[in-house]
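K.L.:
Let me give you the structure first, and then I'll get to my questions.
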Amino acid sequence: MRAKRNFSVIIRQDEDGFFVASVQGLPGCHTQAKTLTELRKRVREVISLCLEVAKNDISYRRQISINEPAFIAMEMVEA
């Protein structure tokens, strides 16, 4: 059985109200949804798809960040 990996996911809300997720460490691994519940489901699906591509595409596999830095925080700063 393959060990599970953790991926940092950045979630933001666009101007139309959609939630958009970008998976750090997996190039081109993005998805969107109207609700956070649906987004979380889609994030797991898109990660699986990207990892499936990585199995067969050595050039994509080389782009994956294995030692991704840990996400600490995001702050809103008024200036």
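Labels used: A, B, ... for chains in the order of the structure tokens, numbers from 1 for residues in each chain, and numbers from 1 for ligands as shown.
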Among chain A, which residues does DSSP mark as helix (DSSP H, G or I) when it is run on the backbone? Keep the chain and numbering as in the structure and answer as a PyMOL selection string.

P.N.:
chain A and resi 36-56+58-63

K.L.:
Can you tell me, as a PyMOL selection string, what residues are no more than 12 Å from A:Leu39 when counting only C-alpha atoms, ignoring any on the same chain fewer than 3 positions away?

P.N.:
chain A and resi 9-13+18-23+30-36+42-46

K.L.:
Pick the closest to A:Cys29 from A:Asp16, A:Ile64, A:Lys41, A:Ile58: which is it, counting only C-alpha atoms?

P.N.:
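For A:Cys29, the nearest of the given residues is A:Ile64.
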
K.L.:
Choose the residue, out of A:Ala70, A:Leu49, A:Ala79, A:Ala3, that has the smallest atom-to-atom separation from A:Gln24; count only C-alpha atoms.

P.N.:
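Among the listed residues, A:Ala70 lies closest to A:Gln24.
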
K.L.:
What is the distance, in Å and to one decimal place, between atom CA of A:Ala54 and atom CA of A:Phe71?

P.N.:
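Value for the atom CA of A:Ala54-atom CA of A:Phe71 distance: 23.3 Å.
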
K.L.:
For A:Val53, which residue out of A:Phe7, A:Ser65, A:Pro27, A:Ile72 is the nearest one, using only C-alpha atoms?

P.N.:
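Under the stated criterion, the closest residue is A:Pro27.
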
K.L.:
With DSSP run on the backbone, what are the strand (DSSP E or B) residues within chain A? I'd like them as a ChimeraX atom specification.

P.N.:
/A:9-13,19-23,30-33

K.L.:
Could you jot down the atom CA of A:Arg40 to atom CA of A:Arg62 separation for me, Å, one decimal place?

P.N.:
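That distance, rounded to one decimal, is 26.0 Å.
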
K.L.:
Which residue, A:Val77, A:Ser59, A:Ile47, A:Glu38, has the smallest gap to A:Gly25 when you use only C-alpha atoms?

P.N.:
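Result for the nearest residue to A:Gly25: A:Ile47.
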
K.L.:
To one decimal place in Å, what is the distance between atom CA of A:Met76 and atom CA of A:Ser8?

P.N.:
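Interatomic distance, atom CA of A:Met76 to atom CA of A:Ser8: 19.3 Å.
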